[in-house]
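K.L.:
Got a file for you: work_4.cif, mmCIF, C-alpha atoms.
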data_final
#
loop_
_atom_site.label_atom_id
_atom_site.label_comp_id
_atom_site.auth_asym_id
_atom_site.auth_seq_id
_atom_site.Cartn_x
_atom_site.Cartn_y
_atom_site.Cartn_z
CA MET A 12 -22.57 -49.74 -0.59
CA LEU A 13 -24.16 -50.81 2.67
CA THR A 14 -23.18 -48.42 5.46
CA ARG A 15 -24.70 -49.74 8.70
CA ILE A 16 -27.29 -51.91 10.34
CA ASP A 17 -30.21 -49.50 10.06
CA HIS A 18 -32.55 -51.52 12.24
CA ILE A 19 -33.66 -54.92 13.39
CA GLY A 20 -37.39 -55.49 12.97
CA ILE A 21 -39.15 -57.32 15.78
CA ALA A 22 -42.71 -58.56 15.30
CA CYS A 23 -44.95 -58.38 18.36
CA PHE A 24 -48.59 -58.93 19.32
CA ASP A 25 -48.83 -55.87 21.63
CA LEU A 26 -46.74 -52.86 20.67
CA ASP A 27 -47.32 -50.91 23.88
CA LYS A 28 -46.38 -53.86 26.08
CA THR A 29 -43.27 -54.57 23.98
CA VAL A 30 -42.18 -50.91 24.05
CA GLU A 31 -42.53 -50.95 27.84
CA PHE A 32 -40.33 -54.07 28.05
CA TYR A 33 -37.53 -52.43 26.06
CA ARG A 34 -37.87 -49.20 28.06
CA ALA A 35 -37.85 -50.91 31.47
CA THR A 36 -35.21 -53.50 30.63
CA TYR A 37 -32.73 -51.58 28.47
CA GLY A 38 -33.68 -47.93 28.85
CA PHE A 39 -34.55 -47.54 25.14
CA GLU A 40 -37.05 -44.79 24.36
CA VAL A 41 -39.37 -44.38 21.39
CA PHE A 42 -37.75 -42.07 18.84
CA HIS A 43 -40.58 -42.29 16.31
CA SER A 44 -43.92 -44.06 15.97
CA GLU A 45 -46.38 -44.33 13.12
CA VAL A 46 -48.99 -46.49 11.42
CA ASN A 47 -48.01 -47.71 7.95
CA GLU A 48 -51.36 -48.44 6.28
CA GLU A 49 -49.75 -49.91 3.16
CA GLN A 50 -47.86 -52.52 5.20
CA GLY A 51 -50.63 -52.95 7.77
CA VAL A 52 -48.48 -52.26 10.83
CA ARG A 53 -48.24 -49.96 13.81
CA GLU A 54 -44.61 -49.43 14.67
CA ALA A 55 -42.21 -47.84 17.09
CA MET A 56 -38.58 -47.03 16.32
CA LEU A 57 -36.33 -47.24 19.38
CA LYS A 58 -33.05 -45.44 18.74
CA ILE A 59 -30.00 -47.37 19.87
CA ASN A 60 -27.18 -45.09 18.68
CA ASP A 61 -26.01 -42.63 16.06
CA THR A 62 -23.70 -43.90 13.32
CA SER A 63 -20.64 -42.47 11.61
CA ASP A 64 -22.49 -41.97 8.31
CA GLY A 65 -24.97 -39.53 9.87
CA GLY A 66 -27.67 -42.17 10.32
CA ALA A 67 -28.65 -44.21 13.33
CA SER A 68 -29.37 -47.77 14.39
CA TYR A 69 -32.79 -48.71 15.74
CA LEU A 70 -34.98 -51.52 16.95
CA GLN A 71 -38.23 -51.43 14.98
CA LEU A 72 -41.15 -52.95 16.85
CA LEU A 73 -44.01 -54.03 14.57
CA GLU A 74 -47.60 -54.82 15.54
CA PRO A 75 -50.02 -55.80 12.75
CA THR A 76 -53.11 -53.65 12.28
CA ARG A 77 -54.92 -56.19 10.12
CA GLU A 78 -54.94 -59.97 9.79
CA ASP A 79 -53.90 -60.00 6.11
CA SER A 80 -50.68 -58.04 6.68
CA THR A 81 -47.33 -59.74 6.13
CA VAL A 82 -46.39 -59.23 9.79
CA ALA A 83 -49.68 -60.75 11.01
CA LYS A 84 -49.13 -63.81 8.85
CA TRP A 85 -45.53 -64.07 10.06
CA LEU A 86 -46.64 -63.83 13.72
CA ALA A 87 -49.28 -66.53 13.21
CA LYS A 88 -46.63 -68.87 11.83
CA ASN A 89 -43.60 -67.96 13.99
CA GLY A 90 -44.77 -66.07 17.08
CA GLU A 91 -43.02 -62.97 18.38
CA GLY A 92 -39.39 -62.36 17.56
CA VAL A 93 -36.89 -61.07 15.03
CA HIS A 94 -38.69 -60.51 11.74
CA HIS A 95 -35.97 -58.92 9.59
CA ILE A 96 -32.66 -57.08 9.50
CA ALA A 97 -32.26 -53.83 7.60
CA PHE A 98 -29.08 -52.40 6.14
CA GLY A 99 -28.66 -48.70 5.43
CA THR A 100 -27.48 -47.47 2.05
CA ALA A 101 -27.19 -44.05 0.43
CA ASP A 102 -28.99 -45.33 -2.71
CA VAL A 103 -31.55 -48.11 -2.26
CA ASP A 104 -32.26 -48.21 -6.01
CA ALA A 105 -28.63 -48.78 -7.01
CA GLU A 106 -27.98 -51.21 -4.15
CA ALA A 107 -31.08 -53.28 -4.99
CA ALA A 108 -30.10 -53.40 -8.68
CA ASP A 109 -26.56 -54.48 -7.81
CA ILE A 110 -27.79 -57.22 -5.48
CA LYS A 111 -30.39 -58.36 -8.04
CA ASP A 112 -27.58 -58.69 -10.61
CA LYS A 113 -25.94 -61.14 -8.18
CA GLY A 114 -28.99 -63.42 -8.35
CA VAL A 115 -30.87 -62.34 -5.23
CA ARG A 116 -34.60 -61.73 -5.65
CA VAL A 117 -35.72 -58.19 -4.79
CA LEU A 118 -39.32 -58.20 -3.58
CA TYR A 119 -40.42 -54.75 -4.81
CA GLU A 120 -39.99 -53.55 -8.40
CA GLU A 121 -39.65 -50.00 -7.08
CA PRO A 122 -38.69 -49.03 -3.50
CA ARG A 123 -41.61 -48.07 -1.26
CA ARG A 124 -42.07 -45.63 1.59
CA GLY A 125 -40.80 -46.96 4.91
CA SER A 126 -40.51 -45.61 8.44
CA MET A 127 -39.78 -41.94 8.96
CA GLY A 128 -40.03 -41.18 5.22
CA SER A 129 -37.33 -43.66 4.21
CA ARG A 130 -37.23 -45.57 0.90
CA ILE A 131 -37.12 -49.35 1.28
CA THR A 132 -37.13 -52.68 -0.47
CA PHE A 133 -36.77 -56.26 0.71
CA LEU A 134 -34.67 -59.22 -0.42
CA HIS A 135 -36.17 -62.70 -0.52
CA PRO A 136 -35.25 -64.67 2.62
CA LYS A 137 -34.71 -67.88 0.62
CA ASP A 138 -31.89 -66.11 -1.22
CA CYS A 139 -30.41 -64.69 2.03
CA HIS A 140 -29.95 -67.87 4.10
CA GLY A 141 -33.39 -67.62 5.67
CA VAL A 142 -33.14 -63.96 6.68
CA LEU A 143 -35.67 -61.42 5.40
CA THR A 144 -33.38 -58.51 4.53
CA GLU A 145 -34.42 -54.90 4.03
CA LEU A 146 -32.46 -52.16 2.26
CA VAL A 147 -33.10 -48.63 3.55
CA THR A 148 -32.24 -45.15 2.35
CA SER A 149 -33.12 -42.92 5.29
CA ALA A 150 -34.79 -39.56 4.90
CA PRO A 151 -32.97 -36.72 6.67
CA VAL A 152 -34.00 -36.72 10.34
CA GLU A 153 -33.87 -33.39 12.14
CA SER A 154 -35.87 -34.10 15.28
CA PRO A 155 -38.02 -36.87 16.75
CA GLU A 156 -41.62 -37.16 15.56
CA HIS A 157 -44.18 -39.02 17.63
#
Could you express the structure from this file as structure tokens?

P.N.:
Amino acid sequence: MLTRIDHIGIACFDLDKTVEFYRATYGFEVFHSEVNEEQGVREAMLKINDTSDGGASYLQLLEPTREDSTVAKWLAKNGEGVHHIAFGTADVDAEAADIKDKGVRVLYEEPRRGSMGSRITFLHPKDCHGVLTELVTSAPVESPEH
């Protein structure tokens, strides 16, 4: 069962500049930042609010760290903007299997490590009305890590 919008991923050319825009314009602060070498991105998670299931909703700002990363290729084609939407679930494996049984292509055979120690997989945008969709099982979060 999907429990919340976990985050909205926004691709950007300059992470620091984009973080400053969201801080100055909306007052959002960086809750967590990291480099994900596997995905070739530097990212910042801006916490929007806590949710009733014990999770939270975020904006995830993504800057590519190498030209062959998926986000770099997406930016070259589309420019800055909304890259994907992510839904939270207690069990990414079961949720992905259920959705796959409904005819939607799941992009990873096995979930991978995502932001803040989460487990993630993606659904093919052509099967989701043009929207790259991520499924996320969050790791327990006790305090912000920068």

K.L.:
Within 12 Å of A:Glu45, counting all atoms listed in the file, which residues qualify if same-chain residues fewer than 5 places away don't, as a list in words?

P.N.:
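Here the qualifying residues turn out to be Leu26, Gln50, Gly51, Val52, Arg53, Glu54, Ala55, Met56, Gln71, Leu72, Leu73, Glu74, Thr76, Gly125, Ser126, Met127, Gly128, Pro155, Glu156 and His157 of chain A.
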
K.L.:
Write out, as a JSON list (two decimals), in the frame of the given file, the residues just selected, with C-alpha atoms.

P.N.:
[["chain", "number", "residue", "atom", "x", "y", "z"],
["A", 26, "LEU", "CA", -46.74, -52.86, 20.67],
["A", 50, "GLN", "CA", -47.86, -52.52, 5.20],
["A", 51, "GLY", "CA", -50.63, -52.95, 7.77],
["A", 52, "VAL", "CA", -48.48, -52.26, 10.83],
["A", 53, "ARG", "CA", -48.24, -49.96, 13.81],
["A", 54, "GLU", "CA", -44.61, -49.43, 14.67],
["A", 55, "ALA", "CA", -42.21, -47.84, 17.09],
["A", 56, "MET", "CA", -38.58, -47.03, 16.32],
["A", 71, "GLN", "CA", -38.23, -51.43, 14.98],
["A", 72, "LEU", "CA", -41.15, -52.95, 16.85],
["A", 73, "LEU", "CA", -44.01, -54.03, 14.57],
["A", 74, "GLU", "CA", -47.60, -54.82, 15.54],
["A", 76, "THR", "CA", -53.11, -53.65, 12.28],
["A", 125, "GLY", "CA", -40.80, -46.96, 4.91],
["A", 126, "SER", "CA", -40.51, -45.61, 8.44],
["A", 127, "MET", "CA", -39.78, -41.94, 8.96],
["A", 128, "GLY", "CA", -40.03, -41.18, 5.22],
["A", 155, "PRO", "CA", -38.02, -36.87, 16.75],
["A", 156, "GLU", "CA", -41.62, -37.16, 15.56],
["A", 157, "HIS", "CA", -44.18, -39.02, 17.63]]

K.L.:
In Å to one decimal, how far is atom CA of A:Cys139 from atom CA of A:Asn89?

P.N.:
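We find that atom CA of A:Asn89 and atom CA of A:Cys139 lie 18.1 Å from each other.
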
K.L.:
Please write as a list in words the full residue list that the PyMOL selection byres ((chain A and resi 101) around 6) yields on this file.

P.N.:
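The output of the PyMOL selection byres ((chain A and resi 101) around 6) on this file is Thr100, Asp102 and Thr148 of chain A.
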
K.L.:
Go through A:Phe24, A:Phe32, A:Tyr37, A:Phe133 and flag the residue nearest A:Lys111, using only C-alpha atoms for the distances.

P.N.:
A:Phe133

K.L.:
Step by step, work through what the PyMOL selection byres ((chain A and resi 130) around 8) selects in the shown file, and finish by giving those residues as JSON, numbers by chain.

P.N.:
{"A": [103, 122, 123, 124, 125, 128, 129, 131, 132, 147, 148, 149, 150]}

K.L.:
Which one of A:Leu13, A:Val117, A:Val30, A:Ile110 sits closest to A:Phe98 if you count all atoms listed in the file?

P.N.:
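Closest to A:Phe98 of all the choices is A:Leu13.
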
K.L.:
Report the residues retrieved by the PyMOL selection byres ((chain A and resi 69) around 12) from the displayed file, expressed as an MDAnalysis selection string.

P.N.:
chainID A and resid 15:21 33 39:43 54:62 66:68 70:72 96:99 126:127 149

K.L.:
Using all atoms listed in the file, which residue out of A:Ala108, A:Met12, A:Leu118, A:Leu143 lies closest to A:Trp85?

P.N.:
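Of A:Ala108, A:Met12, A:Leu118, A:Leu143, the one nearest A:Trp85 is A:Leu143, counting all atoms listed in the file.
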
K.L.:
Using atom CA of A:Pro151 and atom CA of A:Glu49 as the two end points, give the distance in Å to one decimal.

P.N.:
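Going from atom CA of A:Pro151 over to atom CA of A:Glu49, I get 21.6 Å.
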
K.L.:
What is the distance between atom CA of A:Glu120 and atom CA of A:Thr14, in Å to one decimal?

P.N.:
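Atom CA of A:Thr14 lies at a distance of 22.4 Å from atom CA of A:Glu120.
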
K.L.:
Which residue out of A:Asp25, A:Ser44, A:Leu134, A:Asp64 has the minimum interatomic distance to A:Asp109 when only C-alpha atoms are used?

P.N.:
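Looking only at the distances to A:Asp109, the closest residue turns out to be A:Leu134.
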
K.L.:
For a quick check of understanding, using only C-alpha atoms, which of A:Arg77, A:His135, A:Lys28, A:Lys88 has the smallest distance to A:Gly114?

P.N.:
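Of all the options, A:His135 lies closest to A:Gly114.
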
K.L.:
Which residue, A:Ala22, A:Glu121, A:Thr29, A:Gly90, has the smallest gap to A:Ala105 when you use all atoms listed in the file?

P.N.:
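Looking at the shortest contact to A:Ala105, the residue is A:Glu121.
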